[in-house]
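Chemist: Okay, so here is run.txt, and as you'll see once you scroll down, it has compact mmCIF, C-alpha atoms and all ligand atoms.
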```
# COMPACT_ATOMS: atom_id res chain seq x y z
CA MET W 1361 -11.17 -10.11 12.82
CA SER W 1362 -12.11 -12.61 10.18
CA SER W 1363 -8.79 -14.16 9.35
CA LEU W 1364 -7.42 -15.08 5.94
CA LEU W 1365 -4.33 -16.81 7.30
CA GLU W 1366 -4.02 -18.61 10.61
CA VAL W 1367 -0.70 -19.96 11.80
CA ALA W 1368 -1.15 -22.09 14.92
CA GLY W 1369 1.48 -23.84 17.02
CA VAL W 1370 3.98 -24.04 14.15
CA SER W 1371 7.52 -25.25 14.80
CA VAL W 1372 10.39 -25.90 12.41
CA THR W 1373 13.71 -27.43 13.36
CA PHE W 1374 16.81 -27.26 11.15
CA ASP W 1375 19.50 -29.74 12.25
CA GLY W 1376 18.27 -29.63 15.84
CA PHE W 1377 17.88 -25.81 15.88
CA ARG W 1378 14.33 -24.51 16.40
CA ALA W 1379 14.05 -21.69 13.88
CA ILE W 1380 10.27 -21.42 14.40
CA ASN W 1381 9.02 -22.21 17.87
CA ASP W 1382 5.30 -22.67 18.53
CA LEU W 1383 4.46 -19.71 16.29
CA SER W 1384 0.84 -18.58 16.29
CA PHE W 1385 -0.79 -15.53 14.75
CA GLU W 1386 -3.48 -14.47 12.28
CA ILE W 1387 -3.72 -12.12 9.33
CA GLY W 1388 -7.05 -10.54 8.35
CA ARG W 1389 -8.62 -10.50 4.89
CA ALA W 1390 -7.88 -6.91 4.05
CA GLU W 1391 -5.08 -5.67 6.23
CA LEU W 1392 -1.56 -4.38 6.05
CA ARG W 1393 0.76 -6.07 8.56
CA ALA W 1394 4.43 -5.48 9.23
CA ILE W 1395 6.58 -8.28 10.57
CA ILE W 1396 9.75 -7.14 12.28
CA GLY W 1397 12.37 -8.83 14.39
CA PRO W 1398 16.13 -9.06 14.76
CA ASN W 1399 18.31 -11.15 12.45
CA GLY W 1400 17.50 -14.83 12.70
CA ALA W 1401 14.06 -14.21 14.28
CA GLY W 1402 12.37 -16.49 11.74
CA LYS W 1403 10.81 -13.95 9.34
CA THR W 1404 12.08 -15.58 6.15
CA THR W 1405 11.30 -19.05 7.44
CA PHE W 1406 7.73 -17.89 8.18
CA MET W 1407 7.35 -16.77 4.54
CA ASP W 1408 8.92 -20.03 3.34
CA ILE W 1409 6.33 -21.97 5.34
CA VAL W 1410 3.37 -19.98 3.99
CA THR W 1411 4.56 -20.41 0.39
CA GLY W 1412 5.21 -24.14 0.82
CA LYS W 1413 8.99 -23.96 0.48
CA THR W 1414 9.60 -25.20 4.03
CA ARG W 1415 7.39 -27.74 5.78
CA PRO W 1416 6.87 -27.36 9.54
CA ASP W 1417 7.36 -30.26 11.92
CA GLU W 1418 4.28 -29.31 13.91
CA GLY W 1419 1.27 -27.00 13.80
CA ARG W 1420 -1.37 -25.74 11.40
CA VAL W 1421 -1.30 -23.16 8.61
CA ASP W 1422 -4.84 -22.52 7.35
CA TYR W 1423 -5.77 -20.11 4.58
CA GLY W 1424 -8.86 -18.91 2.78
CA GLU W 1425 -12.60 -19.33 3.10
CA PRO W 1426 -13.41 -22.02 3.99
CA PRO W 1427 -9.96 -22.51 5.56
CA ARG W 1428 -7.70 -25.01 3.77
CA SER W 1429 -4.45 -26.33 5.11
CA LEU W 1430 -1.49 -24.99 3.14
CA LEU W 1431 0.60 -27.84 4.50
CA ARG W 1432 -0.94 -30.29 2.05
CA MET W 1433 -0.47 -28.03 -0.96
CA SER W 1434 2.52 -27.75 -3.31
CA GLU W 1435 4.26 -24.40 -3.90
CA SER W 1436 2.48 -23.99 -7.25
CA GLU W 1437 -0.92 -24.87 -5.76
CA ILE W 1438 -0.34 -22.26 -3.05
CA ALA W 1439 0.55 -19.65 -5.68
CA ARG W 1440 -2.58 -20.54 -7.68
CA ALA W 1441 -4.65 -20.26 -4.50
CA GLY W 1442 -3.74 -16.57 -4.40
CA ILE W 1443 -0.56 -16.21 -2.35
CA GLY W 1444 2.07 -14.02 -4.01
CA ARG W 1445 5.59 -13.37 -2.75
CA LYS W 1446 7.91 -10.54 -3.58
CA PHE W 1447 11.56 -11.23 -2.85
CA GLN W 1448 13.93 -8.43 -1.94
CA ARG W 1449 15.67 -8.22 -5.31
CA PRO W 1450 13.41 -7.34 -8.21
CA THR W 1451 13.14 -10.06 -10.85
CA VAL W 1452 11.65 -8.28 -13.83
CA PHE W 1453 12.43 -9.11 -17.47
CA GLU W 1454 14.98 -6.40 -18.19
CA GLN W 1455 14.85 -6.60 -22.01
CA GLN W 1456 11.06 -6.42 -22.14
CA SER W 1457 9.05 -3.23 -21.85
CA VAL W 1458 7.10 -2.38 -18.70
CA ARG W 1459 3.93 -3.10 -20.71
CA ASP W 1460 5.14 -6.55 -21.77
CA ASN W 1461 6.24 -7.42 -18.24
CA LEU W 1462 2.78 -6.58 -16.92
CA MET W 1463 1.07 -8.35 -19.83
CA MET W 1464 3.12 -11.50 -19.23
CA ALA W 1465 2.21 -11.43 -15.54
CA LEU W 1466 -1.45 -11.04 -16.47
CA LYS W 1467 -1.22 -14.05 -18.78
CA ASN W 1468 0.81 -15.92 -16.20
CA ASP W 1469 2.87 -17.32 -19.06
CA ARG W 1470 6.44 -16.21 -18.62
CA SER W 1471 7.94 -18.30 -21.43
CA PRO W 1472 9.34 -16.37 -24.43
CA PHE W 1473 7.07 -18.40 -26.71
CA GLY W 1474 4.06 -17.32 -24.69
CA VAL W 1475 5.11 -13.70 -25.11
CA MET W 1476 5.32 -13.99 -28.88
CA ALA W 1477 2.10 -15.92 -29.14
CA TRP W 1478 -0.24 -13.69 -27.18
CA ARG W 1479 -2.57 -11.32 -28.86
CA ALA W 1480 -3.67 -8.87 -26.26
CA ALA W 1481 -7.40 -8.62 -25.80
CA ARG W 1482 -8.87 -5.18 -25.14
CA THR W 1483 -9.60 -6.08 -21.53
CA ASP W 1484 -5.96 -7.08 -21.00
CA ILE W 1485 -4.71 -3.83 -22.51
CA ASP W 1486 -7.01 -1.91 -20.15
CA LYS W 1487 -5.93 -4.04 -17.19
CA VAL W 1488 -2.25 -3.37 -17.94
CA ALA W 1489 -2.97 0.36 -18.12
CA ASP W 1490 -4.78 0.18 -14.77
CA LEU W 1491 -1.93 -1.76 -13.15
CA ALA W 1492 0.66 0.69 -14.48
CA GLU W 1493 -1.42 3.55 -13.10
CA GLU W 1494 -1.78 1.79 -9.75
CA VAL W 1495 1.98 1.29 -9.32
CA GLY W 1496 2.90 4.70 -10.77
CA LEU W 1497 4.45 3.56 -14.05
CA ALA W 1498 1.80 4.81 -16.50
CA ASP W 1499 4.34 7.12 -18.16
CA HIS W 1500 6.91 4.35 -18.56
CA LEU W 1501 4.94 1.60 -20.32
CA ASP W 1502 7.15 1.55 -23.42
CA ARG W 1503 10.49 1.63 -21.61
CA PRO W 1504 12.55 -1.53 -21.24
CA ALA W 1505 12.33 -2.62 -17.60
CA GLY W 1506 16.13 -2.68 -17.44
CA GLU W 1507 16.18 1.12 -17.81
CA LEU W 1508 14.00 1.73 -14.76
CA ALA W 1509 15.38 3.06 -11.49
CA HIS W 1510 15.64 0.58 -8.59
CA GLY W 1511 12.42 1.78 -6.96
CA GLN W 1512 10.51 1.65 -10.25
CA LYS W 1513 11.63 -1.95 -10.81
CA GLN W 1514 10.28 -2.83 -7.38
CA TRP W 1515 6.94 -1.20 -8.24
CA LEU W 1516 6.85 -3.03 -11.56
CA GLU W 1517 7.32 -6.32 -9.76
CA ILE W 1518 4.59 -5.43 -7.29
CA GLY W 1519 2.40 -4.61 -10.31
CA MET W 1520 3.25 -8.02 -11.80
CA LEU W 1521 2.17 -9.69 -8.57
CA LEU W 1522 -1.02 -7.61 -8.42
CA ALA W 1523 -1.76 -8.74 -11.99
CA GLN W 1524 -2.31 -12.21 -10.52
CA ASP W 1525 -4.87 -10.69 -8.13
CA PRO W 1526 -3.45 -12.31 -5.00
CA ARG W 1527 -5.48 -12.48 -1.78
CA LEU W 1528 -2.30 -12.52 0.29
CA LEU W 1529 0.86 -10.73 -0.76
CA LEU W 1530 4.13 -11.32 1.12
CA VAL W 1531 6.67 -8.57 0.56
CA ASP W 1532 10.28 -8.83 1.72
CA GLU W 1533 12.02 -5.55 2.63
CA PRO W 1534 10.44 -3.39 -0.07
CA ALA W 1535 12.12 -0.18 1.11
CA ALA W 1536 15.72 -1.46 0.95
CA GLY W 1537 17.87 0.80 -1.21
CA MET W 1538 15.04 3.26 -1.93
CA THR W 1539 15.18 7.05 -1.90
CA LEU W 1540 12.84 8.98 0.39
CA GLY W 1541 10.48 9.77 -2.51
CA GLU W 1542 10.44 6.11 -3.56
CA ARG W 1543 9.64 5.05 -0.01
CA GLU W 1544 6.69 7.43 0.14
CA HIS W 1545 5.32 6.06 -3.11
CA THR W 1546 5.88 2.46 -1.97
CA THR W 1547 4.01 3.17 1.27
CA GLU W 1548 1.00 4.49 -0.64
CA LEU W 1549 1.11 1.57 -3.05
CA LEU W 1550 1.16 -1.06 -0.32
CA LYS W 1551 -1.56 0.70 1.69
CA ARG W 1552 -3.81 0.82 -1.37
CA ALA W 1553 -3.11 -2.82 -2.23
CA ALA W 1554 -4.08 -3.79 1.32
CA GLU W 1555 -7.54 -2.20 1.01
CA THR W 1556 -8.75 -5.28 -0.88
CA ARG W 1557 -6.31 -8.01 0.18
CA ALA W 1558 -3.86 -8.95 2.91
CA VAL W 1559 -0.37 -7.52 2.50
CA VAL W 1560 2.37 -8.72 4.86
CA VAL W 1561 5.57 -6.68 4.81
CA VAL W 1562 8.76 -8.05 6.37
CA GLU W 1563 10.94 -5.06 7.13
CA HIS W 1564 14.00 -4.06 9.15
CA ASP W 1565 13.63 -0.35 8.60
CA MET W 1566 11.61 1.13 11.48
CA GLU W 1567 11.17 4.47 9.77
CA PHE W 1568 9.45 2.67 6.89
CA VAL W 1569 7.34 0.56 9.28
CA ARG W 1570 6.21 3.79 10.95
CA ARG W 1571 5.12 5.13 7.57
CA LEU W 1572 3.03 2.02 6.95
CA GLY W 1573 1.03 2.89 10.10
CA CYS W 1574 -0.23 -0.67 10.50
CA LYS W 1575 -0.31 -3.43 13.10
CA VAL W 1576 3.14 -4.84 13.78
CA THR W 1577 4.08 -8.39 14.76
CA VAL W 1578 7.50 -8.72 16.42
CA LEU W 1579 9.17 -12.09 16.00
CA HIS W 1580 12.02 -13.30 18.18
CA GLU W 1581 13.53 -16.79 18.28
CA GLY W 1582 10.73 -18.11 16.11
CA SER W 1583 7.80 -16.89 18.23
CA VAL W 1584 5.66 -13.77 18.52
CA LEU W 1585 7.27 -11.50 21.12
CA ALA W 1586 4.77 -8.63 20.84
CA GLU W 1587 1.98 -7.40 18.61
CA GLY W 1588 0.13 -4.11 18.15
CA SER W 1589 0.87 -0.61 16.91
CA LEU W 1590 4.52 0.34 16.41
CA ASP W 1591 4.31 2.64 19.46
CA HIS W 1592 2.86 -0.21 21.51
CA VAL W 1593 5.51 -2.78 20.56
CA THR W 1594 8.45 -0.40 20.82
CA ALA W 1595 7.38 0.48 24.38
CA ASN W 1596 7.45 -3.22 25.32
CA GLN W 1597 10.42 -3.99 27.58
CA ASP W 1598 10.99 -7.44 26.02
CA VAL W 1599 11.18 -5.85 22.57
CA ILE W 1600 13.57 -3.16 23.81
CA ASP W 1601 15.79 -5.81 25.40
CA VAL W 1602 15.87 -7.94 22.25
CA TYR W 1603 16.72 -4.98 20.03
CA LEU W 1604 19.41 -3.79 22.41
CA GLY W 1605 20.77 -7.37 22.56
CA ARG W 1606 20.24 -7.78 26.29
N1 LIG H 1 17.83 -24.14 5.80
C1 LIG H 1 18.30 -23.83 7.00
N2 LIG H 1 19.15 -24.65 7.64
C2 LIG H 1 19.62 -24.36 8.88
N3 LIG H 1 19.27 -23.24 9.56
C3 LIG H 1 18.43 -22.40 8.96
C4 LIG H 1 17.90 -22.61 7.65
N4 LIG H 1 17.08 -21.59 7.34
C5 LIG H 1 17.12 -20.75 8.40
N5 LIG H 1 17.91 -21.23 9.36
C6 LIG H 1 18.15 -20.60 10.66
O1 LIG H 1 16.90 -20.32 11.25
C7 LIG H 1 16.91 -19.06 11.92
C8 LIG H 1 15.83 -18.17 11.36
O2 LIG H 1 16.24 -17.73 10.07
P1 LIG H 1 15.40 -16.71 9.17
O3 LIG H 1 16.17 -16.56 7.90
O4 LIG H 1 13.99 -17.18 9.07
O5 LIG H 1 15.48 -15.38 10.04
P2 LIG H 1 15.10 -13.89 9.61
O6 LIG H 1 14.26 -13.34 10.69
O7 LIG H 1 14.53 -13.90 8.23
O8 LIG H 1 16.52 -13.20 9.63
P3 LIG H 1 17.08 -11.98 8.75
O9 LIG H 1 16.42 -10.75 9.28
O10 LIG H 1 18.55 -12.00 9.06
O11 LIG H 1 16.76 -12.28 7.32
C9 LIG H 1 18.31 -18.49 11.75
O12 LIG H 1 19.05 -18.79 12.92
C10 LIG H 1 18.86 -19.25 10.55
O13 LIG H 1 20.26 -19.40 10.63
```
Taking this structure as input, can you express it in the form of structure tokens?
Modeler:
Amino acid sequence: MSSLLEVAGVSVTFDGFRAINDLSFEIGRAELRAIIGPNGAGKTTFMDIVTGKTRPDEGRVDYGEPPRSLLRMSESEIARAGIGRKFQRPTVFEQQSVRDNLMMALKNDRSPFGVMAWRAARTDIDKVADLAEEVGLADHLDRPAGELAHGQKQWLEIGMLLAQDPRLLLVDEPAAGMTLGEREHTTELLKRAAETRAVVVVEHDMEFVRRLGCKVTVLHEGSVLAEGSLDHVTANQDVIDVYLGR
């Protein structure tokens, strides 16, 4: 596997507590990866490290081709280098239409002045139409984002992240609060997005992880406990013990 992200020997201590403990693993250039693990396993801290929010005490985090250390980059430099993060709660502009939300994301200028000032070029209009199609909102372009259902807001935000053409997309619990139909659509969306980039999904919901059908990394106490297909990791006795709290 030619890796896009390599985490090697990373540790983070908060007030004497090792939240991440000698963590090492790699993510490929075009792959879908699920990260699972019990509460407090270090999943959020891992994403905070990759996006520059938390600095590790030890280890390497290299990204891209040729590999660059993310540890010397600011949060905004990391975002500009192509790492996008979707938090659990959607943060779309509720008053603006779906079209304007996507257009703003494309322009990467989220200020109200920027919205008023832009004159959409033909290519941008086409790109917004393509993004809306990709996330399944082509019939909702003129609706205010605030009117969308929960799942649709999540897709809009994924579309806004895709507008930035990230090489690595980190997605936190995308299926939370979704209906079965919304989950199916989200699965397809993430799978498609991962054909041309790396998509890392942090998820508690095993049924959703099964749908993703991808390699799974199990974290526990800040380290990788197991890795492989969902069937492989769920047959692992250490994983069973951790999930049963033994
Ligand atoms: N800023 C902080 N200060 C002190 N402890 C922290 C801080 N951030 C995280 N921790 C601790 O580090 C550990 C890992 O937390 P983290 O949020 O990364 O786990 P998680 O796997 O995302 O858990 P969950 O599934 O509950 O979201 C937890 O024990 C948490 O309490």
Chemist: Go ahead and fit an axis-aligned box to every listed atom of ligand LIG 1 (chain H) plus 4 Å each side, and pass me the centre and edge lengths in Å, one decimal, as JSON.
Modeler:
```
{"center_x": 17.1, "center_y": -17.7, "center_z": 9.4, "size_x": 14.3, "size_y": 21.9, "size_z": 15.1}
```
Chemist: Report, in Å with one decimal, the straight-line distance from CA of Glu1533 (chain W) to CA of Gln1448 (chain W).
Modeler: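 Between CA of Glu1533 (chain W) and CA of Gln1448 (chain W) the gap is 5.7 Å.
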Chemist: Please, which residues have at least one atom within 7 Å of an atom of ligand LIG 1 (chain H), using only C-alpha atoms and all ligand atoms, listed as a list in words?
Modeler: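 My answer, listing the contacting residues, is Phe1374, Asp1375, Phe1377, Ala1379, Gly1397, Pro1398, Asn1399, Gly1400, Ala1401, Gly1402, Lys1403, Thr1404, Thr1405, Phe1406 and Gly1582 of chain W.
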Chemist: May I have the residues within 8 Å of Val1562 (chain W) as a PyMOL selection string, using only C-alpha atoms and disregarding those fewer than 4 positions away in the same chain?
Modeler: chain W and resi 1394-1396+1403+1530-1533
Chemist: Tell me, as a PDB file with C-alpha atoms, in the coordinates of the input, which residues lie within 8 Å of region 1584-1601 of chain W, counting only C-alpha atoms; anything in the same chain fewer than 3 positions away does not count.
Modeler:
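Done, and the output landed in out-v6.pdb:
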```
ATOM      1  CA  LEU W1383       4.460 -19.710  16.290  1.00  0.00           C
ATOM      2  CA  SER W1384       0.840 -18.580  16.290  1.00  0.00           C
ATOM      3  CA  PHE W1385      -0.790 -15.530  14.750  1.00  0.00           C
ATOM      4  CA  VAL W1569       7.340   0.560   9.280  1.00  0.00           C
ATOM      5  CA  ARG W1570       6.210   3.790  10.950  1.00  0.00           C
ATOM      6  CA  GLY W1573       1.030   2.890  10.100  1.00  0.00           C
ATOM      7  CA  CYS W1574      -0.230  -0.670  10.500  1.00  0.00           C
ATOM      8  CA  LYS W1575      -0.310  -3.430  13.100  1.00  0.00           C
ATOM      9  CA  VAL W1576       3.140  -4.840  13.780  1.00  0.00           C
ATOM     10  CA  THR W1577       4.080  -8.390  14.760  1.00  0.00           C
ATOM     11  CA  VAL W1578       7.500  -8.720  16.420  1.00  0.00           C
ATOM     12  CA  LEU W1579       9.170 -12.090  16.000  1.00  0.00           C
ATOM     13  CA  HIS W1580      12.020 -13.300  18.180  1.00  0.00           C
ATOM     14  CA  LEU W1604      19.410  -3.790  22.410  1.00  0.00           C
ATOM     15  CA  GLY W1605      20.770  -7.370  22.560  1.00  0.00           C
ATOM     16  CA  ARG W1606      20.240  -7.780  26.290  1.00  0.00           C
TER      17      ARG W1606
END
```
Chemist: Taking (-3.1, -2.8, -1.9) as a centre in this file's frame and 6 Å as the limit, can you find every polymer residue with an atom that close, using all atoms listed in the file, and give them as a PyMOL selection string?
Modeler: chain W and resi 1550-1555
Chemist: Please, what distance in Å, to one decimal, runs between CA of Leu1521 (chain W) and CA of Asp1499 (chain W)?
Modeler: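 Distance reported for this atom pair: 19.5 Å.
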Chemist: One number please: CA of Asn1381 (chain W) to CA of Val1602 (chain W), in Å, one decimal.
Modeler: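 Atom-to-atom, CA of Asn1381 (chain W) and CA of Val1602 (chain W) are spaced 16.4 Å apart.
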Chemist: Given the choices W:Met1566, W:Val1370, W:Ala1489, W:Leu1549, which gets closest to Ser1583 (chain W) if the distance is worked out from all atoms listed in the file?
Modeler: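 Of W:Met1566, W:Val1370, W:Ala1489, W:Leu1549, the one nearest Ser1583 (chain W) is W:Val1370, counting all atoms listed in the file.
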Chemist: Applying 8 Å and all atoms listed in the file, which residues near Arg1503 (chain W) remain after dropping the ones on its own chain fewer than 4 positions away? List them as a list in words.
Modeler: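 Residues near the query, excluding close chain neighbours: Ser1457, Val1458, Glu1507 and Leu1508 of chain W.
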